[in-house]
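**Q** One file: data29.cif (mmCIF, C-alpha atoms (C1' of nucleotides)).
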```cif
data_data
loop_
_atom_site.label_atom_id
_atom_site.label_comp_id
_atom_site.auth_asym_id
_atom_site.auth_seq_id
_atom_site.Cartn_x
_atom_site.Cartn_y
_atom_site.Cartn_z
CA MET A 1 -72.04 110.74 332.96
CA GLY A 2 -70.67 108.56 330.19
CA ARG A 3 -68.23 105.74 330.65
CA PRO A 4 -65.55 106.64 333.23
CA LYS A 5 -61.87 106.86 332.31
CA LYS A 6 -59.85 103.76 333.06
CA PHE A 7 -56.58 105.65 333.53
CA GLU A 8 -55.31 108.72 335.33
CA PRO A 9 -54.44 111.23 332.59
CA ASP A 10 -51.67 112.72 334.75
CA VAL A 11 -50.02 109.35 335.21
CA VAL A 12 -50.21 108.59 331.51
CA LEU A 13 -48.80 112.02 330.74
CA ALA A 14 -45.91 111.47 333.13
CA ARG A 15 -45.11 108.14 331.51
CA ALA A 16 -45.31 109.64 328.05
CA MET A 17 -42.94 112.37 329.21
CA GLU A 18 -40.43 109.78 330.39
CA THR A 19 -40.58 108.06 327.03
CA PHE A 20 -40.17 111.24 324.98
CA TRP A 21 -37.37 112.27 327.31
CA SER A 22 -35.49 109.02 326.80
CA LYS A 23 -36.07 108.53 323.10
CA GLY A 24 -36.73 111.97 321.66
CA TYR A 25 -39.74 113.05 319.65
CA ALA A 26 -39.14 111.49 316.24
CA ASP A 27 -37.95 108.18 317.60
CA THR A 28 -40.94 107.65 319.86
CA SER A 29 -43.67 105.68 318.09
CA PRO A 30 -47.30 105.27 319.01
CA ALA A 31 -46.42 101.67 319.84
CA ASP A 32 -43.77 102.90 322.31
CA LEU A 33 -46.34 105.10 324.00
CA VAL A 34 -48.82 102.25 324.23
CA GLU A 35 -46.18 100.09 325.88
CA ALA A 36 -45.07 102.84 328.26
CA THR A 37 -48.55 103.88 329.34
CA GLY A 38 -50.49 100.64 329.14
CA VAL A 39 -53.22 102.49 327.29
CA ALA A 40 -54.44 101.35 323.88
CA LYS A 41 -53.57 103.44 320.84
CA GLY A 42 -57.11 104.51 320.14
CA SER A 43 -57.56 105.70 323.70
CA LEU A 44 -54.39 107.73 323.57
CA TYR A 45 -55.51 109.49 320.43
CA HIS A 46 -58.95 109.96 321.91
CA ALA A 47 -57.51 111.53 325.03
CA PHE A 48 -54.65 113.57 323.58
CA GLY A 49 -55.45 114.22 319.92
CA SER A 50 -52.12 113.50 318.27
CA LYS A 51 -48.56 112.53 318.97
CA ARG A 52 -47.52 116.15 318.64
CA GLU A 53 -50.14 117.36 321.11
CA LEU A 54 -49.23 114.70 323.62
CA PHE A 55 -45.62 115.72 323.25
CA GLY A 56 -46.55 119.34 323.83
CA ARG A 57 -48.28 118.43 327.07
CA ALA A 58 -45.33 116.28 328.12
CA LEU A 59 -42.92 119.13 327.44
CA ASP A 60 -45.09 121.52 329.44
CA LEU A 61 -45.08 119.10 332.32
CA TYR A 62 -41.31 118.77 332.16
CA CYS A 63 -40.74 122.53 332.15
CA GLN A 64 -43.21 123.10 334.96
CA THR A 65 -41.72 120.41 337.15
CA GLY A 66 -38.19 121.54 336.39
CA ALA A 67 -38.89 125.13 337.37
CA GLU A 68 -40.51 124.00 340.61
CA VAL A 69 -37.62 121.76 341.57
CA THR A 70 -35.14 124.52 340.77
CA GLU A 71 -36.95 127.09 342.85
CA GLU A 72 -37.36 124.73 345.76
CA PHE A 73 -33.76 123.61 345.65
CA LEU A 74 -32.17 127.04 345.42
CA SER A 75 -34.22 128.37 348.30
CA ARG A 76 -32.97 125.82 350.84
CA PRO A 77 -30.56 127.07 353.53
CA GLY A 78 -26.91 127.59 352.63
CA THR A 79 -24.68 130.05 350.84
CA THR A 80 -25.31 130.91 347.22
CA LYS A 81 -22.33 128.92 346.05
CA GLU A 82 -23.33 125.93 348.14
CA ARG A 83 -26.84 125.99 346.76
CA PHE A 84 -25.72 126.21 343.13
CA ARG A 85 -23.19 123.50 343.70
CA ALA A 86 -25.80 121.20 345.22
CA PHE A 87 -28.19 121.93 342.39
CA PHE A 88 -25.65 121.23 339.66
CA VAL A 89 -24.53 118.06 341.41
CA LEU A 90 -28.14 116.95 341.69
CA LEU A 91 -28.65 117.23 337.95
CA VAL A 92 -25.37 115.57 337.04
CA ASP A 93 -26.22 112.70 339.39
CA LEU A 94 -29.66 112.46 337.86
CA ASP A 95 -28.10 112.13 334.42
CA LEU A 96 -25.52 109.58 335.50
CA ASP A 97 -27.59 107.38 337.79
CA GLY A 98 -30.45 106.74 335.39
CA PRO A 99 -30.55 103.52 333.38
CA VAL A 100 -29.85 105.57 330.26
CA ARG A 101 -28.17 108.94 329.77
CA ARG A 102 -30.84 111.23 328.46
CA GLY A 103 -29.78 114.73 329.47
CA CYS A 104 -32.32 117.50 329.81
CA MET A 105 -35.57 117.05 327.95
CA ALA A 106 -35.89 120.75 327.17
CA GLN A 107 -32.43 120.87 325.62
CA ASN A 108 -33.03 117.65 323.75
CA THR A 109 -36.22 119.09 322.35
CA VAL A 110 -34.69 122.31 321.12
CA THR A 111 -31.75 120.40 319.69
CA GLU A 112 -34.04 118.08 317.78
CA LEU A 113 -36.76 120.51 316.82
CA ALA A 114 -35.21 124.00 316.49
CA GLY A 115 -36.06 125.27 313.03
CA GLN A 116 -38.84 122.72 312.63
CA ASP A 117 -41.22 123.33 315.48
CA GLU A 118 -41.41 126.95 316.51
CA LEU A 119 -43.88 126.31 319.29
CA ALA A 120 -41.68 123.78 321.03
CA THR A 121 -38.67 126.03 320.55
CA ARG A 122 -40.44 128.96 322.13
CA ARG A 123 -41.61 126.80 325.00
CA VAL A 124 -38.03 125.81 325.74
CA HIS A 125 -36.83 129.38 325.44
CA ARG A 126 -39.41 130.45 328.01
CA MET A 127 -38.13 127.74 330.31
CA GLU A 128 -34.54 128.92 329.86
CA GLU A 129 -35.52 132.50 330.62
CA ARG A 130 -37.29 131.30 333.73
CA MET A 131 -34.15 129.53 334.89
CA VAL A 132 -32.09 132.66 334.32
CA GLN A 133 -34.60 134.61 336.40
CA LEU A 134 -34.40 132.12 339.23
CA PHE A 135 -30.61 132.19 339.11
CA THR A 136 -30.58 135.98 339.04
CA ALA A 137 -32.86 136.17 342.04
CA ARG A 138 -30.71 133.72 343.98
CA ILE A 139 -27.55 135.69 343.24
CA GLN A 140 -29.18 138.96 344.28
CA HIS A 141 -30.35 137.26 347.43
CA GLY A 142 -26.73 136.26 348.05
CA GLN A 143 -25.60 139.83 347.47
CA ARG A 144 -28.01 141.04 350.16
CA ASP A 145 -26.70 138.33 352.48
CA GLY A 146 -23.14 139.46 351.81
CA ASP A 147 -22.61 136.05 350.31
CA VAL A 148 -21.75 137.27 346.85
CA ASP A 149 -19.72 140.27 345.72
CA ARG A 150 -22.07 143.23 345.24
CA GLY A 151 -20.13 144.50 342.25
CA LEU A 152 -21.29 141.48 340.25
CA ASP A 153 -23.82 141.89 337.46
CA ALA A 154 -26.37 139.37 338.68
CA ARG A 155 -28.12 138.76 335.39
CA ALA A 156 -24.91 138.45 333.40
CA ARG A 157 -23.71 135.93 335.94
CA ALA A 158 -26.99 134.05 335.84
CA LEU A 159 -26.77 133.78 332.07
CA CYS A 160 -23.32 132.26 332.44
CA LEU A 161 -24.59 129.77 334.99
CA GLN A 162 -27.46 128.76 332.73
CA THR A 163 -24.98 128.34 329.89
CA ALA A 164 -22.67 126.31 332.10
CA LEU A 165 -25.57 124.13 333.17
CA ALA A 166 -26.62 123.51 329.59
CA GLY A 167 -23.05 122.60 328.73
CA LEU A 168 -22.76 120.41 331.79
CA ARG A 169 -25.77 118.37 330.83
CA THR A 170 -24.37 117.84 327.39
CA MET A 171 -21.02 116.84 328.85
CA ALA A 172 -22.85 114.49 331.19
CA LEU A 173 -23.78 112.41 328.15
CA THR A 174 -20.18 111.33 327.62
CA PHE A 175 -17.93 112.30 330.55
CA ASP A 176 -17.47 110.55 333.89
CA ARG A 177 -18.56 111.75 337.30
CA PRO A 178 -15.23 112.97 338.73
CA THR A 179 -14.59 115.11 335.67
CA LEU A 180 -18.08 116.56 335.82
CA TYR A 181 -17.71 117.38 339.51
CA GLN A 182 -14.42 119.06 338.77
CA ILE A 183 -16.10 121.17 336.11
CA ILE A 184 -18.77 122.21 338.57
CA ASP A 185 -16.17 123.29 341.12
CA THR A 186 -14.10 125.25 338.66
CA THR A 187 -17.15 126.92 337.18
CA LEU A 188 -18.45 128.02 340.55
CA GLU A 189 -15.07 129.29 341.76
CA GLY A 190 -15.79 132.83 340.65
CA LEU A 191 -18.96 133.20 342.68
CA MET B 1 -11.61 99.65 284.83
CA GLY B 2 -15.34 99.48 285.22
CA ARG B 3 -17.77 102.33 284.74
CA PRO B 4 -16.41 105.53 286.31
CA LYS B 5 -18.21 107.26 289.17
CA LYS B 6 -20.45 110.11 288.13
CA PHE B 7 -20.00 111.98 291.40
CA GLU B 8 -17.23 113.06 293.72
CA PRO B 9 -17.67 110.96 296.90
CA ASP B 10 -16.22 113.78 299.01
CA VAL B 11 -18.73 116.27 297.69
CA VAL B 12 -21.61 113.89 298.25
CA LEU B 13 -20.35 113.19 301.74
CA ALA B 14 -20.14 116.90 302.51
CA ARG B 15 -23.71 117.41 301.33
CA ALA B 16 -24.94 114.45 303.33
CA MET B 17 -23.20 115.92 306.36
CA GLU B 18 -25.01 119.22 305.88
CA THR B 19 -28.32 117.40 305.70
CA PHE B 20 -27.72 115.26 308.79
CA TRP B 21 -26.48 118.35 310.59
CA SER B 22 -29.62 120.30 309.80
CA LYS B 23 -32.20 117.57 310.28
CA GLY B 24 -30.65 115.06 312.64
CA TYR B 25 -30.20 111.36 312.02
CA ALA B 26 -33.70 109.96 312.48
CA ASP B 27 -35.42 112.73 310.57
CA THR B 28 -33.20 112.46 307.50
CA SER B 29 -34.72 110.09 304.96
CA PRO B 30 -33.10 108.46 301.96
CA ALA B 31 -35.25 110.76 299.85
CA ASP B 32 -33.74 113.78 301.62
CA LEU B 33 -30.26 112.51 300.87
CA VAL B 34 -31.12 111.95 297.24
CA GLU B 35 -32.37 115.52 296.99
CA ALA B 36 -29.37 116.96 298.81
CA THR B 37 -26.75 115.06 296.86
CA GLY B 38 -28.34 114.69 293.45
CA VAL B 39 -27.39 111.03 293.47
CA ALA B 40 -29.98 108.29 293.00
CA LYS B 41 -30.95 106.18 295.95
CA GLY B 42 -29.45 102.99 294.59
CA SER B 43 -26.13 104.69 293.94
CA LEU B 44 -25.98 106.05 297.46
CA TYR B 45 -26.49 102.61 298.91
CA HIS B 46 -24.01 101.17 296.47
CA ALA B 47 -21.40 103.72 297.49
CA PHE B 48 -22.01 103.97 301.23
CA GLY B 49 -23.73 100.77 302.33
CA SER B 50 -26.48 102.06 304.57
CA LYS B 51 -27.90 105.21 306.05
CA ARG B 52 -26.09 104.50 309.30
CA GLU B 53 -22.74 104.03 307.59
CA LEU B 54 -23.16 107.21 305.58
CA PHE B 55 -23.99 109.03 308.79
CA GLY B 56 -20.88 107.63 310.42
CA ARG B 57 -18.74 108.97 307.60
CA ALA B 58 -20.49 112.33 307.78
CA LEU B 59 -19.91 112.53 311.52
CA ASP B 60 -16.24 111.67 311.05
CA LEU B 61 -15.94 114.42 308.48
CA TYR B 62 -17.59 116.90 310.82
CA CYS B 63 -15.30 116.06 313.73
CA GLN B 64 -12.21 116.14 311.57
CA THR B 65 -13.06 119.49 310.03
CA GLY B 66 -14.06 120.93 313.38
CA ALA B 67 -10.78 119.97 315.01
CA GLU B 68 -8.82 121.46 312.14
CA VAL B 69 -10.68 124.74 312.22
CA THR B 70 -10.26 124.96 315.98
CA GLU B 71 -6.55 124.32 315.84
CA GLU B 72 -6.04 126.77 313.03
CA PHE B 73 -8.12 129.45 314.70
CA LEU B 74 -6.56 129.24 318.14
CA SER B 75 -3.05 129.41 316.74
CA ARG B 76 -3.50 132.77 315.02
CA PRO B 77 -1.74 135.75 316.59
CA GLY B 78 -3.28 137.40 319.65
CA THR B 79 -3.62 136.88 323.37
CA THR B 80 -5.21 133.75 324.71
CA LYS B 81 -8.35 135.56 325.71
CA GLU B 82 -8.60 137.29 322.34
CA ARG B 83 -8.25 133.99 320.53
CA PHE B 84 -10.89 132.22 322.58
CA ARG B 85 -13.20 135.16 322.24
CA ALA B 86 -12.78 135.22 318.47
CA PHE B 87 -13.35 131.47 318.31
CA PHE B 88 -16.51 131.54 320.39
CA VAL B 89 -17.85 134.50 318.43
CA LEU B 90 -17.12 132.65 315.21
CA LEU B 91 -19.24 129.70 316.28
CA VAL B 92 -22.09 131.80 317.61
CA ASP B 93 -22.14 133.75 314.36
CA LEU B 94 -22.10 130.51 312.40
CA ASP B 95 -25.14 129.33 314.33
CA LEU B 96 -27.02 132.61 313.96
CA ASP B 97 -26.22 133.50 310.37
CA GLY B 98 -27.24 130.20 308.82
CA PRO B 99 -30.67 129.80 307.23
CA VAL B 100 -31.63 127.49 310.09
CA ARG B 101 -30.31 127.17 313.63
CA ARG B 102 -28.70 123.79 313.83
CA GLY B 103 -26.11 124.05 316.59
CA CYS B 104 -23.14 121.68 316.66
CA MET B 105 -23.52 118.42 314.80
CA ALA B 106 -21.49 116.47 317.36
CA GLN B 107 -23.65 117.67 320.23
CA ASN B 108 -26.80 117.07 318.25
CA THR B 109 -25.66 113.54 317.57
CA VAL B 110 -24.88 112.68 321.15
CA THR B 111 -28.13 114.28 322.27
CA GLU B 112 -30.13 112.23 319.81
CA LEU B 113 -28.19 108.99 319.96
CA ALA B 114 -26.66 108.65 323.43
CA GLY B 115 -27.82 105.34 324.85
CA GLN B 116 -28.80 104.05 321.43
CA ASP B 117 -25.66 104.19 319.34
CA GLU B 118 -22.53 103.59 321.33
CA LEU B 119 -20.24 104.04 318.36
CA ALA B 120 -21.52 107.49 317.55
CA THR B 121 -21.41 108.44 321.22
CA ARG B 122 -17.79 107.39 321.52
CA ARG B 123 -16.93 109.24 318.36
CA VAL B 124 -18.34 112.45 319.81
CA HIS B 125 -16.59 111.88 323.11
CA ARG B 126 -13.28 111.56 321.29
CA MET B 127 -14.00 114.86 319.58
CA GLU B 128 -14.77 116.54 322.88
CA GLU B 129 -11.55 115.23 324.41
CA ARG B 130 -9.68 116.56 321.42
CA MET B 131 -11.19 120.00 321.94
CA VAL B 132 -10.21 119.96 325.60
CA GLN B 133 -6.66 119.07 324.58
CA LEU B 134 -6.50 121.93 322.10
CA PHE B 135 -7.89 124.33 324.70
CA THR B 136 -5.43 123.09 327.30
CA ALA B 137 -2.52 123.54 324.94
CA ARG B 138 -3.60 127.08 324.09
CA ILE B 139 -3.90 128.02 327.75
CA GLN B 140 -0.47 126.59 328.54
CA HIS B 141 0.89 128.51 325.60
CA GLY B 142 -0.64 131.63 327.11
CA GLN B 143 0.95 130.84 330.45
CA ARG B 144 4.38 130.65 328.82
CA ASP B 145 3.67 133.97 327.08
CA GLY B 146 2.74 135.53 330.42
CA ASP B 147 -0.72 135.95 328.94
CA VAL B 148 -2.49 133.80 331.48
CA ASP B 149 -1.97 133.41 335.22
CA ARG B 150 0.50 130.59 335.83
CA GLY B 151 -1.32 129.41 338.92
CA LEU B 152 -4.23 128.27 336.77
CA ASP B 153 -4.92 124.57 336.26
CA ALA B 154 -4.90 124.54 332.48
CA ARG B 155 -6.86 121.34 331.99
CA ALA B 156 -9.52 122.22 334.56
CA ARG B 157 -9.91 125.54 332.83
CA ALA B 158 -10.07 123.91 329.41
CA LEU B 159 -12.83 121.60 330.60
CA CYS B 160 -14.80 124.62 331.73
CA LEU B 161 -14.32 126.32 328.39
CA GLN B 162 -15.48 123.22 326.55
CA THR B 163 -18.51 123.08 328.80
CA ALA B 164 -19.21 126.75 328.26
CA LEU B 165 -18.91 126.26 324.53
CA ALA B 166 -21.33 123.35 324.57
CA GLY B 167 -23.76 125.44 326.59
CA LEU B 168 -23.29 128.41 324.32
CA ARG B 169 -24.20 126.42 321.25
CA THR B 170 -27.34 125.19 322.94
CA MET B 171 -28.21 128.72 324.01
CA ALA B 172 -27.56 129.87 320.44
CA LEU B 173 -30.62 127.87 319.41
CA THR B 174 -32.95 130.24 321.21
CA PHE B 175 -31.16 133.39 322.43
CA ASP B 176 -30.27 136.52 320.47
CA ARG B 177 -26.86 137.71 319.45
CA PRO B 178 -26.27 140.48 322.02
CA THR B 179 -27.10 138.15 324.89
CA LEU B 180 -24.80 135.47 323.51
CA TYR B 181 -21.96 137.96 323.10
CA GLN B 182 -22.49 139.07 326.66
CA ILE B 183 -22.26 135.48 327.83
CA ILE B 184 -19.00 135.03 325.96
CA ASP B 185 -17.51 138.14 327.58
CA THR B 186 -18.57 137.21 331.09
CA THR B 187 -17.36 133.64 330.67
CA LEU B 188 -13.94 134.72 329.45
CA GLU B 189 -13.49 137.36 332.15
CA GLY B 190 -11.63 134.99 334.45
CA LEU B 191 -8.94 134.13 331.92
"C1'" DC C 1 -85.59 99.81 331.38
"C1'" DT C 2 -84.33 103.15 327.64
"C1'" DA C 3 -81.83 106.85 325.91
"C1'" DA C 4 -77.93 109.56 325.91
"C1'" DT C 5 -73.20 110.11 326.71
"C1'" DT C 6 -68.43 109.07 326.93
"C1'" DT C 7 -64.57 105.56 326.76
"C1'" DT C 8 -62.13 101.51 325.06
"C1'" DT C 9 -60.36 98.73 321.73
"C1'" DG C 10 -58.16 96.51 318.00
"C1'" DA C 11 -58.86 96.25 313.07
"C1'" DC C 12 -57.95 98.90 309.21
"C1'" DC C 13 -55.91 102.45 306.12
"C1'" DT C 14 -52.49 105.35 303.74
"C1'" DG C 15 -47.98 106.82 303.29
"C1'" DT C 16 -43.24 106.52 303.71
"C1'" DA C 17 -38.70 104.60 305.59
"C1'" DG C 18 -34.94 101.88 304.53
"C1'" DT C 19 -33.30 98.52 301.59
"C1'" DT C 20 -32.56 95.21 297.71
"C1'" DC C 21 -32.10 94.14 293.09
"C1'" DA C 22 -32.24 93.29 288.17
"C1'" DA C 23 -31.41 95.43 284.03
"C1'" DG C 24 -28.72 98.47 281.50
"C1'" DA C 25 -24.66 101.84 280.69
"C1'" DA C 26 -19.79 103.06 280.52
"C1'" DA C 27 -15.39 102.05 281.03
"C1'" DT C 28 -10.84 98.73 280.13
"C1'" DA C 29 -8.33 94.41 278.97
"C1'" DG C 30 -7.14 91.23 275.64
"C1'" DC D 1 -15.44 93.02 269.22
"C1'" DT D 2 -16.16 90.35 273.55
"C1'" DA D 3 -15.63 89.65 278.21
"C1'" DT D 4 -15.24 91.65 282.52
"C1'" DT D 5 -15.84 94.99 285.77
"C1'" DT D 6 -17.95 98.68 288.11
"C1'" DC D 7 -21.38 102.05 288.27
"C1'" DT D 8 -26.54 103.98 287.74
"C1'" DT D 9 -31.19 103.79 288.13
"C1'" DG D 10 -35.92 103.30 289.25
"C1'" DA D 11 -39.08 99.58 290.36
"C1'" DA D 12 -40.33 96.54 293.93
"C1'" DC D 13 -40.58 94.93 298.68
"C1'" DT D 14 -41.39 94.66 303.73
"C1'" DA D 15 -42.21 96.89 307.85
"C1'" DC D 16 -43.93 100.20 310.50
"C1'" DA D 17 -45.49 105.15 311.54
"C1'" DG D 18 -49.31 107.88 312.50
"C1'" DG D 19 -53.97 108.14 312.54
"C1'" DT D 20 -59.21 106.92 311.86
"C1'" DC D 21 -63.20 104.47 312.97
"C1'" DA D 22 -67.07 101.52 314.04
"C1'" DA D 23 -68.65 98.57 317.34
"C1'" DA D 24 -68.97 97.35 322.09
"C1'" DA D 25 -68.79 98.61 327.12
"C1'" DA D 26 -69.72 101.42 331.13
"C1'" DT D 27 -71.82 104.93 333.18
"C1'" DT D 28 -76.09 108.48 334.52
"C1'" DA D 29 -80.60 110.86 333.61
"C1'" DG D 30 -85.32 110.28 333.33
#
```
What do you get writing this file as structure tokens?
**A**
Amino acid sequence: MGRPKKFEPDVVLARAMETFWSKGYADTSPADLVEATGVAKGSLYHAFGSKRELFGRALDLYCQTGAEVTEEFLSRPGTTKERFRAFFVLLVDLDLDGPVRRGCMAQNTVTELAGQDELATRRVHRMEERMVQLFTARIQHGQRDGDVDRGLDARARALCLQTALAGLRTMALTFDRPTLYQIIDTTLEGL
Amino acid sequence: MGRPKKFEPDVVLARAMETFWSKGYADTSPADLVEATGVAKGSLYHAFGSKRELFGRALDLYCQTGAEVTEEFLSRPGTTKERFRAFFVLLVDLDLDGPVRRGCMAQNTVTELAGQDELATRRVHRMEERMVQLFTARIQHGQRDGDVDRGLDARARALCLQTALAGLRTMALTFDRPTLYQIIDTTLEGL
DNA sequence: CTAATTTTTGACCTGTAGTTCAAGAAATAG
DNA sequence: CTATTTCTTGAACTACAGGTCAAAAATTAG
């Protein structure tokens, strides 16, 4: 009972995520969120508690979605190298084709909030570890397929790929597409 | 003539840089700058015009210093791989030994301001290009020394190293030292 | 229909960001 | 010593951030 909600919380959360992603935490104002979601300020606070809490939920959503997309994408048919290449290209394209270059929300968050917000920092670290796990698993899968040299230390390699990806998304803020593609190819050469 | 300055502009600028580096642009308030520099608010505005202009000067200082340190460090005696390793370790240690993890100010800036402040973004891009040039030159130097395989595309390799470095400094916000060292070693293996 | 419950909303509040400025202080020129 | 110049400083100002709240609206239980 009680008055029914006028908005879908998941939709509002997704829109809030987009806004935080594009503008960062500090530079997103309640007014921005009202504009992005179409929900009045009071309702937002009623539904989500505070700007920080809403941001936490948005970050969770981002990490969850990101992990799902990664898993799905790496498990499609193709060699290990092909799959990583396609995945990296996907993310670079995502960065470059958007109306504004905004990189990876998790990285942006840790860059902005490391040393200020331990919870957010830990959340991002968990996400990074998850990515390394997914990469490791894909490499090991490739080793079983005979796709990847069995002498390779899968986790060490996965850590390098995660590092390369983080770097790539930073580079994608200022470099052009051909250069970024070239970086992807050179990076993946050793696989 | 006129009343003499009470402070050394270079010292104030260096302190402002430290503050922007640690807290980011948006989250640094005039009050923070007053505390960090010991100079009254009015004087800061008198000397530097605006927060944005002061930040611009601070960013310039950071890029300038960074390029100098890089050049100096890569030109010390040792093989190419040794020099890159020492340089990467230096930066990781810098990140980890400070009182707060703050990464690279240039990356932080472009992460926070890409799509909002074209001037700052271009400034960072120039810095990144400069780093790639320095890396390229060092690799070519290694190729002449017989240090590095001559079949290598020096610039492509340098781009990868710059990307790895960017990634490494992001990873340094959340990962521990042994893992980061391992990443450095694996990354440099192919040199 | 009444009571109880849950949302919605904009008005309102407090604090601070970023800036300007007027008044005074410290120098030098003549 | 006076005029001129340049610096220093905190007070004052406007705008907005982040959040609270009371009143009205929409539902269901009985």
**Q** Name the residues in contact with DC12 in chain C at a cut-off of 12 Å, using all atoms listed in the file, excluding same-chain residues fewer than 2 positions from it; report them as a list in words.
**A** DG10 and DT14 of chain C; DG19, DT20, DC21 and DA22 of chain D
**Q** Given a cut-off of 7 Å, which residues of chain D touch chain A, counting only C-alpha atoms (C1' of nucleotides), written out as a PyMOL selection string?
**A** chain D and resi 17+26-28
**Q** Define the interface residues of chain B facing chain A as those within 8 Å, counting all atoms listed in the file, and report them as a PDB file with C-alpha atoms, in the frame of the given file.
**A**
```
ATOM      1  CA  LYS B  23     -32.200 117.570 310.280  1.00  0.00           C
ATOM      2  CA  GLY B  24     -30.650 115.060 312.640  1.00  0.00           C
ATOM      3  CA  ALA B  26     -33.700 109.960 312.480  1.00  0.00           C
ATOM      4  CA  ASP B  27     -35.420 112.730 310.570  1.00  0.00           C
ATOM      5  CA  VAL B 100     -31.630 127.490 310.090  1.00  0.00           C
ATOM      6  CA  ARG B 101     -30.310 127.170 313.630  1.00  0.00           C
ATOM      7  CA  ARG B 102     -28.700 123.790 313.830  1.00  0.00           C
ATOM      8  CA  GLY B 103     -26.110 124.050 316.590  1.00  0.00           C
ATOM      9  CA  GLN B 107     -23.650 117.670 320.230  1.00  0.00           C
ATOM     10  CA  ASN B 108     -26.800 117.070 318.250  1.00  0.00           C
ATOM     11  CA  VAL B 110     -24.880 112.680 321.150  1.00  0.00           C
ATOM     12  CA  THR B 111     -28.130 114.280 322.270  1.00  0.00           C
ATOM     13  CA  GLU B 112     -30.130 112.230 319.810  1.00  0.00           C
ATOM     14  CA  ALA B 114     -26.660 108.650 323.430  1.00  0.00           C
ATOM     15  CA  GLY B 115     -27.820 105.340 324.850  1.00  0.00           C
ATOM     16  CA  THR B 121     -21.410 108.440 321.220  1.00  0.00           C
ATOM     17  CA  ARG B 122     -17.790 107.390 321.520  1.00  0.00           C
ATOM     18  CA  HIS B 125     -16.590 111.880 323.110  1.00  0.00           C
ATOM     19  CA  ALA B 156      -9.520 122.220 334.560  1.00  0.00           C
ATOM     20  CA  ARG B 157      -9.910 125.540 332.830  1.00  0.00           C
ATOM     21  CA  LEU B 159     -12.830 121.600 330.600  1.00  0.00           C
ATOM     22  CA  CYS B 160     -14.800 124.620 331.730  1.00  0.00           C
ATOM     23  CA  GLN B 162     -15.480 123.220 326.550  1.00  0.00           C
ATOM     24  CA  THR B 163     -18.510 123.080 328.800  1.00  0.00           C
ATOM     25  CA  ALA B 164     -19.210 126.750 328.260  1.00  0.00           C
ATOM     26  CA  LEU B 165     -18.910 126.260 324.530  1.00  0.00           C
ATOM     27  CA  ALA B 166     -21.330 123.350 324.570  1.00  0.00           C
ATOM     28  CA  GLY B 167     -23.760 125.440 326.590  1.00  0.00           C
ATOM     29  CA  LEU B 168     -23.290 128.410 324.320  1.00  0.00           C
ATOM     30  CA  THR B 170     -27.340 125.190 322.940  1.00  0.00           C
ATOM     31  CA  MET B 171     -28.210 128.720 324.010  1.00  0.00           C
ATOM     32  CA  LEU B 173     -30.620 127.870 319.410  1.00  0.00           C
ATOM     33  CA  THR B 174     -32.950 130.240 321.210  1.00  0.00           C
ATOM     34  CA  PHE B 175     -31.160 133.390 322.430  1.00  0.00           C
ATOM     35  CA  GLN B 182     -22.490 139.070 326.660  1.00  0.00           C
ATOM     36  CA  ILE B 183     -22.260 135.480 327.830  1.00  0.00           C
ATOM     37  CA  THR B 186     -18.570 137.210 331.090  1.00  0.00           C
ATOM     38  CA  THR B 187     -17.360 133.640 330.670  1.00  0.00           C
ATOM     39  CA  GLY B 190     -11.630 134.990 334.450  1.00  0.00           C
TER      40      GLY B 190
END
```
**Q** Considering all atoms listed in the file, extract the chain C residues located within 10 Å of chain A and return them as a JSON list (two decimals) with C-alpha atoms (C1' of nucleotides), keeping the file's coordinate frame.
**A**
```json
[["chain", "number", "residue", "atom", "x", "y", "z"],
["C", 4, "DA", "C1'", -77.93, 109.56, 325.91],
["C", 5, "DT", "C1'", -73.20, 110.11, 326.71],
["C", 6, "DT", "C1'", -68.43, 109.07, 326.93],
["C", 7, "DT", "C1'", -64.57, 105.56, 326.76],
["C", 8, "DT", "C1'", -62.13, 101.51, 325.06],
["C", 9, "DT", "C1'", -60.36, 98.73, 321.73],
["C", 10, "DG", "C1'", -58.16, 96.51, 318.00]]
```
**Q** Between C1' of DT16 in chain C and CA of Ala58 in chain A, what is the spacing in Å?
**A**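 Interatomic distance here is 26.4 Å.
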**Q** Taking into account all atoms listed in the file, which residue in the set B:Val69, B:Val12, B:Leu59, B:Leu134 is nearest to Thr37 in chain B?
**A**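 Nearest candidate to Thr37 in chain B out of B:Val69, B:Val12, B:Leu59, B:Leu134: B:Val12.
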